[in-house]
$ cat entry18.cif   # mmCIF, C-alpha atoms
data_query
#
loop_
_atom_site.label_atom_id
_atom_site.label_comp_id
_atom_site.auth_asym_id
_atom_site.auth_seq_id
_atom_site.Cartn_x
_atom_site.Cartn_y
_atom_site.Cartn_z
CA LYS A 1 -44.84 108.10 -53.05
CA VAL A 2 -42.72 106.86 -55.95
CA ASP A 3 -42.03 109.28 -58.84
CA THR A 4 -43.94 107.86 -61.81
CA GLY A 5 -43.44 110.92 -64.01
CA VAL A 6 -47.14 110.91 -64.92
CA PRO A 7 -48.89 114.22 -64.25
CA GLU A 8 -52.24 114.10 -62.51
CA VAL A 9 -54.07 117.42 -62.45
CA PRO A 10 -57.47 117.78 -60.73
CA VAL A 11 -60.23 119.27 -62.84
CA PRO A 12 -61.21 122.74 -61.48
CA ALA A 13 -64.82 123.32 -60.51
CA ASP A 14 -67.13 125.75 -62.30
CA ASP A 15 -66.88 129.05 -60.44
CA THR A 16 -69.36 131.02 -62.53
CA PRO A 17 -71.15 133.46 -60.19
CA GLU A 18 -74.59 132.29 -59.00
CA VAL A 19 -76.15 135.55 -60.24
CA LEU A 20 -75.10 134.77 -63.82
CA ASN A 21 -76.20 131.15 -63.51
CA LYS A 22 -79.72 132.23 -62.43
CA ALA A 23 -79.95 134.91 -65.11
CA LEU A 24 -79.02 132.42 -67.84
CA SER A 25 -80.91 129.39 -66.50
CA GLY A 26 -83.71 129.86 -69.04
CA LEU A 27 -81.43 129.43 -72.05
CA SER A 28 -81.81 126.01 -73.59
CA SER A 29 -78.54 125.98 -75.49
CA ARG A 30 -75.20 125.80 -73.71
CA CYS A 31 -73.63 127.68 -76.63
CA TRP A 32 -76.02 130.61 -76.17
CA LYS A 33 -75.36 130.61 -72.44
CA ASN A 34 -71.61 130.72 -73.03
CA LEU A 35 -72.08 133.55 -75.53
CA LYS A 36 -74.09 135.58 -73.01
CA VAL A 37 -71.53 135.00 -70.24
CA ARG A 38 -68.68 136.04 -72.50
CA GLY A 39 -70.58 139.12 -73.60
CA ALA A 40 -71.22 140.15 -69.99
CA THR A 41 -67.59 139.80 -68.92
CA ILE A 42 -66.33 141.62 -72.04
CA SER A 43 -68.73 144.50 -71.32
CA ILE A 44 -67.38 144.76 -67.77
CA PHE A 45 -63.81 144.76 -69.10
CA TYR A 46 -64.43 147.62 -71.54
CA ARG A 47 -66.32 149.58 -68.91
CA ASN A 48 -63.27 149.41 -66.66
CA GLN A 49 -61.01 150.51 -69.52
CA LEU A 50 -63.30 153.48 -70.18
CA ILE A 51 -63.03 154.50 -66.53
CA LEU A 52 -59.25 154.34 -66.82
CA TYR A 53 -59.38 156.57 -69.90
CA VAL A 54 -61.51 159.14 -68.09
CA ILE A 55 -58.77 159.48 -65.48
CA SER A 56 -56.25 159.62 -68.33
CA ASP A 57 -53.48 161.29 -66.30
CA LEU A 58 -53.04 157.94 -64.55
CA PHE A 59 -53.87 155.76 -67.54
CA LEU A 60 -50.27 154.95 -68.49
CA TRP A 61 -49.22 153.83 -65.02
CA LEU A 62 -52.46 151.97 -64.42
CA CYS A 63 -51.81 150.04 -67.63
CA ALA A 64 -48.28 149.21 -66.45
CA ARG A 65 -49.70 148.05 -63.12
CA GLN A 66 -52.31 145.93 -64.89
CA VAL A 67 -49.61 144.24 -66.96
CA LEU A 68 -47.75 143.34 -63.77
CA ILE A 69 -50.93 142.03 -62.10
CA VAL A 70 -51.81 139.94 -65.17
CA GLN A 71 -48.26 138.59 -65.29
CA ILE A 72 -48.38 137.49 -61.65
CA LYS A 73 -51.81 135.89 -62.09
CA CYS A 74 -50.76 134.01 -65.24
CA PHE A 75 -47.63 132.79 -63.48
CA HIS A 76 -49.75 131.67 -60.53
CA GLU A 77 -52.15 129.73 -62.77
CA ILE A 78 -49.38 127.81 -64.54
CA ILE A 79 -47.39 127.15 -61.36
CA THR A 80 -50.57 125.94 -59.64
CA ILE A 81 -50.96 123.28 -62.32
CA GLY A 82 -47.41 122.18 -61.63
CA TYR A 83 -48.01 122.24 -57.89
CA SER A 84 -51.09 120.03 -58.34
CA VAL A 85 -48.69 117.40 -59.64
CA TYR A 86 -45.87 118.24 -57.26
CA HIS A 87 -47.48 118.65 -53.82
CA SER A 88 -48.44 114.99 -53.47
CA TYR A 89 -44.75 114.04 -53.29
CA HIS A 90 -44.24 116.22 -50.19
CA LEU A 91 -41.04 117.73 -51.54
CA PRO A 92 -39.86 121.10 -50.18
CA TRP A 93 -39.57 124.60 -51.59
CA PHE A 94 -41.19 124.23 -55.03
CA ARG A 95 -43.66 127.11 -54.70
CA THR A 96 -41.25 129.15 -52.57
CA LEU A 97 -38.50 128.86 -55.18
CA SER A 98 -40.93 129.50 -58.04
CA TRP A 99 -42.05 132.80 -56.56
CA TYR A 100 -38.48 133.68 -55.62
CA PHE A 101 -37.34 133.22 -59.23
CA LEU A 102 -40.32 135.35 -60.36
CA LEU A 103 -39.11 138.13 -58.05
CA CYS A 104 -35.52 137.83 -59.35
CA VAL A 105 -36.50 137.94 -63.01
CA ASN A 106 -38.82 140.91 -62.48
CA TYR A 107 -36.09 142.75 -60.60
CA PHE A 108 -33.72 142.18 -63.53
CA PHE A 109 -36.14 143.18 -66.30
CA TYR A 110 -37.67 146.22 -64.61
CA GLY A 111 -34.23 147.43 -63.55
CA GLU A 112 -33.07 147.22 -67.16
CA THR A 113 -36.18 149.09 -68.31
CA VAL A 114 -35.79 151.93 -65.80
CA THR A 115 -32.12 152.38 -66.71
CA ASP A 116 -32.87 152.34 -70.44
CA TYR A 117 -35.89 154.66 -70.55
CA PHE A 118 -35.24 156.95 -67.56
CA PHE A 119 -31.46 157.32 -67.67
CA THR A 120 -31.56 160.97 -66.53
CA LEU A 121 -33.54 160.15 -63.40
CA VAL A 122 -31.26 157.22 -62.56
CA GLN A 123 -28.10 159.30 -62.88
CA ARG A 124 -29.54 162.13 -60.80
CA GLU A 125 -30.48 160.00 -57.79
CA GLU A 126 -27.47 158.50 -56.03
CA PRO A 127 -29.19 155.28 -54.75
CA LEU A 128 -30.61 154.58 -58.21
CA ARG A 129 -27.25 155.29 -59.85
CA ILE A 130 -25.51 152.75 -57.60
CA LEU A 131 -28.23 150.14 -58.14
CA SER A 132 -28.05 150.75 -61.89
CA LYS A 133 -24.26 150.40 -61.98
CA TYR A 134 -24.30 147.02 -60.22
CA HIS A 135 -27.76 145.95 -61.40
CA ARG A 136 -26.71 142.89 -63.39
CA PHE A 137 -24.34 141.67 -60.71
CA ILE A 138 -27.09 141.99 -58.06
CA SER A 139 -29.55 140.20 -60.36
CA PHE A 140 -27.10 137.36 -60.95
CA ALA A 141 -26.36 137.07 -57.22
CA LEU A 142 -30.08 136.83 -56.46
CA TYR A 143 -30.58 134.13 -59.12
CA LEU A 144 -27.52 132.24 -57.93
CA THR A 145 -28.98 132.17 -54.41
CA GLY A 146 -32.16 130.56 -55.74
CA PHE A 147 -30.12 128.10 -57.79
CA CYS A 148 -28.18 126.99 -54.70
CA MET A 149 -31.42 126.67 -52.73
CA PHE A 150 -32.77 124.36 -55.44
CA VAL A 151 -29.67 122.17 -55.35
CA LEU A 152 -29.90 121.93 -51.56
CA SER A 153 -33.57 120.93 -51.81
CA LEU A 154 -32.91 117.86 -53.97
CA VAL A 155 -34.30 114.68 -52.41
CA LYS A 156 -33.14 111.16 -53.19
CA LYS A 157 -35.47 109.12 -55.45
CA HIS A 158 -37.19 112.27 -56.72
CA TYR A 159 -34.40 113.91 -58.69
CA ARG A 160 -36.17 113.55 -62.03
CA LEU A 161 -39.39 115.14 -60.82
CA GLN A 162 -37.54 118.00 -59.14
CA PHE A 163 -35.59 118.84 -62.27
CA TYR A 164 -38.83 118.54 -64.23
CA MET A 165 -40.42 121.18 -62.00
CA PHE A 166 -37.28 123.34 -62.13
CA GLY A 167 -37.65 123.36 -65.92
CA TRP A 168 -41.40 124.01 -65.52
CA THR A 169 -40.70 127.16 -63.52
CA HIS A 170 -38.11 128.49 -65.97
CA VAL A 171 -40.22 127.86 -69.06
CA THR A 172 -43.09 129.64 -67.31
CA LEU A 173 -40.80 132.58 -66.60
CA LEU A 174 -39.75 132.63 -70.26
CA ILE A 175 -43.32 132.55 -71.57
CA VAL A 176 -44.96 134.87 -69.06
CA VAL A 177 -42.43 137.25 -67.50
CA THR A 178 -40.17 137.86 -70.49
CA GLN A 179 -43.04 138.60 -72.82
CA SER A 180 -44.94 140.75 -70.31
CA HIS A 181 -41.73 142.77 -70.00
CA LEU A 182 -41.94 143.38 -73.76
CA ILE A 183 -45.49 144.69 -73.27
CA ILE A 184 -44.07 147.31 -70.88
CA HIS A 185 -41.47 148.24 -73.50
CA ASN A 186 -44.19 148.66 -76.11
CA LEU A 187 -46.17 150.82 -73.68
CA PHE A 188 -43.22 153.15 -73.09
CA GLU A 189 -42.70 153.56 -76.85
CA GLY A 190 -46.15 155.16 -76.98
CA MET A 191 -49.51 153.95 -75.77
CA ILE A 192 -50.67 153.42 -79.35
CA TRP A 193 -48.17 150.52 -79.58
CA PHE A 194 -49.81 149.04 -76.49
CA ILE A 195 -53.50 149.68 -77.13
CA VAL A 196 -53.77 148.90 -80.86
CA PRO A 197 -52.11 145.42 -80.74
CA ILE A 198 -54.02 144.38 -77.62
CA SER A 199 -57.29 145.66 -79.10
CA CYS A 200 -56.63 143.82 -82.38
CA VAL A 201 -56.16 140.53 -80.53
CA ILE A 202 -59.35 141.13 -78.54
CA CYS A 203 -61.25 142.11 -81.70
CA ASN A 204 -60.02 139.02 -83.55
CA ASP A 205 -60.97 136.78 -80.62
CA ILE A 206 -64.48 138.26 -80.49
CA MET A 207 -65.12 138.37 -84.25
CA ALA A 208 -63.67 134.90 -84.89
CA TYR A 209 -65.96 133.59 -82.14
CA MET A 210 -68.98 135.42 -83.59
CA PHE A 211 -68.36 134.35 -87.18
CA GLY A 212 -67.68 130.80 -86.02
CA PHE A 213 -70.77 130.80 -83.79
CA PHE A 214 -73.16 131.88 -86.56
CA PHE A 215 -71.47 130.63 -89.76
CA GLY A 216 -68.91 128.03 -88.63
CA ARG A 217 -69.06 124.73 -90.48
CA THR A 218 -65.48 123.71 -91.35
CA PRO A 219 -63.11 122.68 -88.50
CA LEU A 220 -59.81 124.57 -88.50
CA ILE A 221 -57.47 122.53 -86.29
CA LYS A 222 -57.83 119.42 -84.15
CA LEU A 223 -56.26 121.08 -81.09
CA SER A 224 -59.27 123.43 -80.93
CA PRO A 225 -62.32 121.61 -82.31
CA LYS A 226 -64.54 124.69 -81.91
CA LYS A 227 -62.31 126.82 -84.18
CA THR A 228 -63.58 127.03 -87.76
CA TRP A 229 -62.26 128.36 -91.05
CA GLU A 230 -65.28 130.66 -91.29
CA GLY A 231 -64.42 132.21 -87.94
CA PHE A 232 -60.73 132.43 -88.82
CA ILE A 233 -61.32 134.23 -92.14
CA GLY A 234 -64.13 136.44 -90.84
CA GLY A 235 -62.04 137.43 -87.84
CA PHE A 236 -59.12 138.34 -90.12
CA PHE A 237 -61.02 140.83 -92.28
CA ALA A 238 -62.90 142.32 -89.32
CA THR A 239 -59.65 142.80 -87.38
CA VAL A 240 -57.82 144.50 -90.27
CA VAL A 241 -60.67 146.99 -90.70
CA PHE A 242 -60.87 147.56 -86.95
CA GLY A 243 -57.10 148.12 -86.72
CA ILE A 244 -57.12 150.74 -89.48
CA LEU A 245 -60.04 152.64 -87.93
CA LEU A 246 -58.69 152.52 -84.37
CA SER A 247 -55.25 153.65 -85.59
CA TYR A 248 -56.80 156.62 -87.40
CA VAL A 249 -58.56 157.75 -84.23
CA MET A 250 -55.58 157.34 -81.90
CA ALA A 251 -52.84 158.66 -84.19
CA GLY A 252 -54.28 162.17 -83.94
CA TYR A 253 -53.57 162.50 -80.20
CA ARG A 254 -50.11 163.19 -78.82
CA TYR A 255 -51.00 161.49 -75.57
CA PHE A 256 -51.23 158.17 -77.40
CA VAL A 257 -48.32 158.49 -79.85
CA CYS A 258 -45.57 160.09 -77.72
CA PRO A 259 -43.12 157.91 -75.79
CA VAL A 260 -42.73 158.22 -72.04
CA GLU A 261 -39.86 160.49 -70.98
CA PHE A 262 -38.58 161.99 -67.77
CA SER A 263 -38.50 165.79 -67.84
CA ASN A 264 -35.85 167.56 -65.77
CA ASP A 265 -37.76 170.83 -66.08
CA SER A 266 -40.97 169.57 -64.52
CA ASN A 267 -39.23 166.84 -62.50
CA SER A 268 -41.87 164.35 -63.64
CA PHE A 269 -42.68 161.81 -66.32
CA THR A 270 -44.22 163.33 -69.44
CA VAL A 271 -46.04 162.07 -72.52
CA ASP A 272 -45.65 165.04 -74.84
CA CYS A 273 -43.66 165.50 -78.03
CA GLU A 274 -43.76 166.66 -81.62
CA PRO A 275 -45.34 163.68 -83.42
CA SER A 276 -43.05 161.94 -85.87
CA GLU A 277 -43.89 161.50 -89.55
CA LEU A 278 -45.44 158.19 -88.62
CA PHE A 279 -48.31 160.09 -86.98
CA GLN A 280 -48.81 162.90 -89.51
CA LEU A 281 -51.44 162.72 -92.24
CA GLN A 282 -50.06 162.12 -95.72
CA ASP A 283 -51.58 161.74 -99.18
CA TYR A 284 -51.51 158.24 -100.67
CA THR A 285 -52.37 157.45 -104.29
CA LEU A 286 -54.94 154.68 -104.58
CA PRO A 287 -54.36 151.67 -106.88
CA THR A 288 -56.29 151.75 -110.15
CA VAL A 289 -58.72 149.06 -108.98
CA LEU A 290 -59.69 150.96 -105.83
CA GLU A 291 -59.80 154.25 -107.73
CA SER A 292 -62.35 152.80 -110.15
CA ILE A 293 -64.50 151.57 -107.25
CA THR A 294 -64.33 154.65 -104.98
CA GLY A 295 -63.80 157.40 -107.54
CA TRP A 296 -60.97 158.81 -105.37
CA THR A 297 -57.45 159.30 -106.67
CA THR A 298 -55.81 159.92 -103.27
CA VAL A 299 -56.64 159.41 -99.60
CA LYS A 300 -55.23 160.96 -96.44
CA LEU A 301 -53.85 158.39 -94.03
CA TYR A 302 -51.44 158.24 -91.14
CA PRO A 303 -48.41 156.07 -92.03
CA PHE A 304 -49.08 154.21 -88.79
CA GLN A 305 -52.31 152.93 -90.35
CA ILE A 306 -50.21 151.07 -92.93
CA HIS A 307 -48.24 149.48 -90.10
CA SER A 308 -51.50 148.65 -88.33
CA ILE A 309 -52.38 146.33 -91.23
CA ALA A 310 -49.27 144.27 -90.39
CA LEU A 311 -50.20 144.27 -86.69
CA SER A 312 -53.80 143.28 -87.44
CA ALA A 313 -52.72 140.56 -89.86
CA PHE A 314 -50.36 139.05 -87.29
CA ALA A 315 -53.05 139.23 -84.60
CA SER A 316 -55.44 137.37 -86.93
CA ILE A 317 -53.14 134.83 -88.58
CA MET A 318 -50.33 134.08 -86.12
CA GLY A 319 -51.90 135.25 -82.86
CA PRO A 320 -54.34 132.30 -82.69
CA PHE A 321 -51.36 129.92 -82.66
CA GLY A 322 -50.72 131.17 -79.13
CA GLY A 323 -54.20 129.88 -78.34
CA PHE A 324 -53.53 126.60 -80.12
CA PHE A 325 -50.34 126.20 -78.08
CA ALA A 326 -52.33 126.79 -74.88
CA SER A 327 -54.98 124.30 -76.05
CA GLY A 328 -52.32 121.66 -76.60
CA PHE A 329 -50.89 122.38 -73.15
CA LYS A 330 -54.31 122.00 -71.50
CA ARG A 331 -55.02 118.80 -73.39
CA ALA A 332 -51.70 117.38 -72.21
CA PHE A 333 -52.88 117.82 -68.60
CA LYS A 334 -56.54 117.03 -69.33
CA ILE A 335 -57.88 120.37 -68.09
CA LYS A 336 -60.45 122.64 -69.72
CA ASP A 337 -59.10 125.99 -68.54
CA PHE A 338 -56.07 127.29 -66.67
CA ALA A 339 -58.39 128.55 -63.92
CA ASN A 340 -61.92 129.90 -63.37
CA THR A 341 -61.05 133.54 -62.78
CA ILE A 342 -63.23 135.01 -65.59
CA PRO A 343 -66.75 133.55 -66.02
CA GLY A 344 -67.19 132.10 -69.51
CA HIS A 345 -63.52 132.54 -70.38
CA GLY A 346 -61.53 130.50 -67.85
CA GLY A 347 -58.35 131.86 -66.35
CA ILE A 348 -56.36 134.99 -67.09
CA MET A 349 -53.89 132.88 -69.08
CA ASP A 350 -56.76 131.61 -71.24
CA ARG A 351 -57.29 135.19 -72.41
CA PHE A 352 -53.67 136.30 -72.65
CA ASP A 353 -52.16 133.31 -74.46
CA CYS A 354 -52.34 135.24 -77.77
CA GLN A 355 -51.43 138.59 -76.20
CA TYR A 356 -47.96 137.45 -75.16
CA LEU A 357 -47.12 136.24 -78.66
CA MET A 358 -48.47 139.52 -80.05
CA ALA A 359 -46.35 141.57 -77.64
CA THR A 360 -43.18 139.84 -78.80
CA PHE A 361 -44.04 140.52 -82.44
CA VAL A 362 -44.75 144.20 -81.77
CA ASN A 363 -41.47 144.64 -79.92
CA VAL A 364 -39.52 142.98 -82.74
CA TYR A 365 -41.48 145.00 -85.33
CA ILE A 366 -40.64 148.30 -83.61
CA ALA A 367 -36.96 147.39 -83.33
CA SER A 368 -36.78 146.24 -86.98
CA PHE A 369 -38.90 148.79 -88.85
CA ILE A 370 -39.70 151.76 -86.60
CA ARG A 371 -37.13 152.67 -83.99
CA GLY A 372 -34.05 154.62 -85.04
CA PRO A 373 -31.19 156.27 -83.12
CA ASN A 374 -32.51 158.40 -80.27
CA PRO A 375 -30.54 161.70 -80.00
CA THR A 376 -32.01 162.43 -76.56
CA LYS A 377 -30.67 159.18 -75.08
CA VAL A 378 -27.26 159.73 -76.72
CA ILE A 379 -26.99 163.22 -75.20
CA GLN A 380 -28.06 161.92 -71.79
CA GLN A 381 -25.31 159.30 -71.90
CA LEU A 382 -22.74 161.84 -73.07
CA LEU A 383 -23.57 164.16 -70.19
CA ALA A 384 -22.92 161.31 -67.75
CA LEU A 385 -19.33 160.90 -68.99
CA ARG A 386 -16.22 162.47 -67.46
CA PRO A 387 -15.13 165.88 -68.89
CA ASP A 388 -12.09 164.37 -70.67
CA GLN A 389 -14.32 161.74 -72.32
CA GLN A 390 -16.78 164.45 -73.41
CA LEU A 391 -13.92 166.48 -74.94
CA TYR A 392 -12.63 163.42 -76.79
CA ILE A 393 -16.07 162.77 -78.29
CA TYR A 394 -16.46 166.48 -79.13
CA ASN A 395 -13.15 166.59 -81.01
CA SER A 396 -13.87 163.31 -82.79
CA LEU A 397 -17.30 164.54 -83.87
CA LYS A 398 -15.89 167.90 -84.96
CA THR A 399 -13.22 166.18 -87.07
CA HIS A 400 -15.80 163.87 -88.63
CA LEU A 401 -18.17 166.73 -89.54
CA THR A 402 -15.31 168.83 -90.93
CA GLU A 403 -14.13 165.99 -93.17
CA ARG A 404 -17.66 165.60 -94.53
CA GLY A 405 -17.87 169.35 -95.16
CA LEU A 406 -20.88 169.76 -92.91
CA LEU A 407 -19.28 171.82 -90.17
CA THR A 408 -17.99 174.50 -92.57
CA THR A 409 -21.41 174.74 -94.17
CA LEU A 410 -23.09 175.14 -90.81
CA GLU A 411 -20.61 177.83 -89.71
CA GLU A 412 -21.15 179.78 -92.94
CA ALA A 413 -24.91 179.52 -92.49
CA ALA A 414 -24.62 180.79 -88.92
CA ALA A 415 -22.42 183.72 -90.05
#
$ encode --input "entry18.cif" --output "structure tokens"
Amino acid sequence: KVDTGVPEVPVPADDTPEVLNKALSGLSSRCWKNLKVRGATISIFYRNQLILYVISDLFLWLCARQVLIVQIKCFHEIITIGYSVYHSYHLPWFRTLSWYFLLCVNYFFYGETVTDYFFTLVQREEPLRILSKYHRFISFALYLTGFCMFVLSLVKKHYRLQFYMFGWTHVTLLIVVTQSHLIIHNLFEGMIWFIVPISCVICNDIMAYMFGFFFGRTPLIKLSPKKTWEGFIGGFFATVVFGILLSYVMAGYRYFVCPVEFSNDSNSFTVDCEPSELFQLQDYTLPTVLESITGWTTVKLYPFQIHSIALSAFASIMGPFGGFFASGFKRAFKIKDFANTIPGHGGIMDRFDCQYLMATFVNVYIASFIRGPNPTKVIQQLLALRPDQQLYIYNSLKTHLTERGLLTTLEEAAA
């Protein structure tokens, strides 16, 4: 078959369970049927999350596992679309190489994460220490193997299509794997940085749909004809309020606000710390306008609640552009959904298109406005140095503190 460069993607069939179809057969409106299906699947989702919370000792690692499962499923959905175009040319190794590159990229990112967050554990275990030392070289060697396999798979008269699919795989890795890796980073910074952003995106999706369903009149964007300004604005205000309330509830629990650390004493991973100022109640003076309305001069809030407004605003204003991007992608290939995994919603990627964009924002937000130098990590790295290097740093630090007059002050205080 000659390479025409024109993608042809088969339209997936409706895989809504027969039980739901029978239960909703009496509804005259397709919109009401879709609303009921979405409501049912959302209820099942939150029930599962509640079960995870009940077994909270495993909640963190179950969330990390879910992120990996979602990543693999999203990658599969996008690659399947590419394969629908590619398989008819009977060219070798496309899916094999795609999954191989997925394995390589995950090995690189998760190796970097383990070394960064669990440095003590890595240095204590000899196999992990060796893998950590040569991690980037091993990762590059694995990728280079896949690159050579791709070059060897090139077939005459189909070069353009093969390079097109090579780019397809790498863009998919960039969109899905890289950003899901950032979700893991957010999770390890404290579960509140994982749960609040994800919940805000879900809340905005639900409330924008509800406001648009009942009050929508004005189209928002041509890429998504069903999106309305009424839904967009209603979803924004509802999400900001939801984010503030959820943040207030979660900020009071150490389990949600403490980062994940490896404890040498207990020889296990722990989520326990002294909460930072970000998660301690403080008094805030209300603006004159709000004071005249409420009659209050001050309110007690967690500083994180102020940050939650930024997270909620991004989830409501910029998050939907992830959905618009996905809509444009689906229109380009004339498909309604990425898959039929979730009844009423489509594929996993249909539900996580906004989540990936949100995860990137949260990671950048933490790095820019929240995270500071971590003394624990610095000490861990110092302890891994040779004795002569430790003495050099000790003398340099002592000289620096003496010049600033801090060391003398501390010695006098100790005396």
$ closest_residue --input "entry18.cif" --among "A:Cys104, A:Thr399, A:Pro219, A:Gln305" --to "A:Phe140" --atoms "all atoms listed in the file"
A:Cys104
$ resolve_selection --input "entry18.cif" --expression "the PyMOL selection byres ((chain A and resi 273) around 7)" --output "ChimeraX atom specification"
/A:254,258,271-272,274-275
$ write_last_selection --input "entry18.cif" --atoms "C-alpha atoms" --output "compact mmCIF listing (two decimals), in the frame of the given file"
# COMPACT_ATOMS: atom_id res chain seq x y z
CA ARG A 254 -50.11 163.19 -78.82
CA CYS A 258 -45.57 160.09 -77.72
CA VAL A 271 -46.04 162.07 -72.52
CA ASP A 272 -45.65 165.04 -74.84
CA GLU A 274 -43.76 166.66 -81.62
CA PRO A 275 -45.34 163.68 -83.42
$ residues_around --input "entry18.cif" --residues "A:His185" --least-positions-apart "5" --cutoff "12 Å" --atoms "all atoms listed in the file" --output "PyMOL selection string"
chain A and resi 64+67+109-110+112-114+116-117+178-180+190-191+193-194+259-260+359-360+362-364+366-367
$ write_last_selection --input "entry18.cif" --atoms "C-alpha atoms" --output "PDB file, keeping the file's coordinate frame"
ATOM      1  CA  ALA A  64     -48.280 149.210 -66.450  1.00  0.00           C
ATOM      2  CA  VAL A  67     -49.610 144.240 -66.960  1.00  0.00           C
ATOM      3  CA  PHE A 109     -36.140 143.180 -66.300  1.00  0.00           C
ATOM      4  CA  TYR A 110     -37.670 146.220 -64.610  1.00  0.00           C
ATOM      5  CA  GLU A 112     -33.070 147.220 -67.160  1.00  0.00           C
ATOM      6  CA  THR A 113     -36.180 149.090 -68.310  1.00  0.00           C
ATOM      7  CA  VAL A 114     -35.790 151.930 -65.800  1.00  0.00           C
ATOM      8  CA  ASP A 116     -32.870 152.340 -70.440  1.00  0.00           C
ATOM      9  CA  TYR A 117     -35.890 154.660 -70.550  1.00  0.00           C
ATOM     10  CA  THR A 178     -40.170 137.860 -70.490  1.00  0.00           C
ATOM     11  CA  GLN A 179     -43.040 138.600 -72.820  1.00  0.00           C
ATOM     12  CA  SER A 180     -44.940 140.750 -70.310  1.00  0.00           C
ATOM     13  CA  GLY A 190     -46.150 155.160 -76.980  1.00  0.00           C
ATOM     14  CA  MET A 191     -49.510 153.950 -75.770  1.00  0.00           C
ATOM     15  CA  TRP A 193     -48.170 150.520 -79.580  1.00  0.00           C
ATOM     16  CA  PHE A 194     -49.810 149.040 -76.490  1.00  0.00           C
ATOM     17  CA  PRO A 259     -43.120 157.910 -75.790  1.00  0.00           C
ATOM     18  CA  VAL A 260     -42.730 158.220 -72.040  1.00  0.00           C
ATOM     19  CA  ALA A 359     -46.350 141.570 -77.640  1.00  0.00           C
ATOM     20  CA  THR A 360     -43.180 139.840 -78.800  1.00  0.00           C
ATOM     21  CA  VAL A 362     -44.750 144.200 -81.770  1.00  0.00           C
ATOM     22  CA  ASN A 363     -41.470 144.640 -79.920  1.00  0.00           C
ATOM     23  CA  VAL A 364     -39.520 142.980 -82.740  1.00  0.00           C
ATOM     24  CA  ILE A 366     -40.640 148.300 -83.610  1.00  0.00           C
ATOM     25  CA  ALA A 367     -36.960 147.390 -83.330  1.00  0.00           C
TER      26      ALA A 367
END
$ resolve_selection --input "entry18.cif" --expression "the PyMOL selection byres ((chain A and resi 135) around 12)" --output "list of chain:residue names"
A:Cys104, A:Val105, A:Tyr107, A:Phe108, A:Phe109, A:Tyr110, A:Gly111, A:Glu112, A:Thr113, A:Val114, A:Thr115, A:Val122, A:Pro127, A:Leu128, A:Arg129, A:Ile130, A:Leu131, A:Ser132, A:Lys133, A:Tyr134, A:Arg136, A:Phe137, A:Ile138, A:Ser139, A:Phe140, A:Ala141, A:Leu142
$ closest_residue --input "entry18.cif" --among "A:Pro92, A:Gly243, A:Pro320, A:Gly372" --to "A:Asp205" --atoms "only C-alpha atoms"
A:Pro320
$ resolve_selection --input "entry18.cif" --expression "the PyMOL selection byres ((chain A and resi 240) around 9)" --output "PyMOL selection string"
chain A and resi 200+204+235-239+241-245+308-313+316
$ closest_residue --input "entry18.cif" --among "A:Phe150, A:Phe232, A:Tyr392, A:Phe262" --to "A:Ile317" --atoms "only C-alpha atoms"
A:Phe232
$ closest_residue --input "entry18.cif" --among "A:Leu278, A:Ile79, A:Val70, A:Met358" --to "A:Trp99" --atoms "only C-alpha atoms"
A:Ile79
$ closest_residue --input "entry18.cif" --among "A:Ile198, A:Leu357, A:Leu385, A:Leu97" --to "A:Leu152" --atoms "all atoms listed in the file"
A:Leu97
$ atom_distance --input "entry18.cif" --atom1 "atom CA of A:Leu68" --atom2 "atom CA of A:Pro197"
17.6 Å
$ atom_distance --input "entry18.cif" --atom1 "atom CA of A:Met207" --atom2 "atom CA of A:Phe361"
21.3 Å
$ closest_residue --input "entry18.cif" --among "A:Thr285, A:Pro375, A:Ile370, A:Lys227" --to "A:Phe321" --atoms "all atoms listed in the file"
A:Lys227
$ atom_distance --input "entry18.cif" --atom1 "atom CA of A:Gly346" --atom2 "atom CA of A:Glu77"
10.7 Å
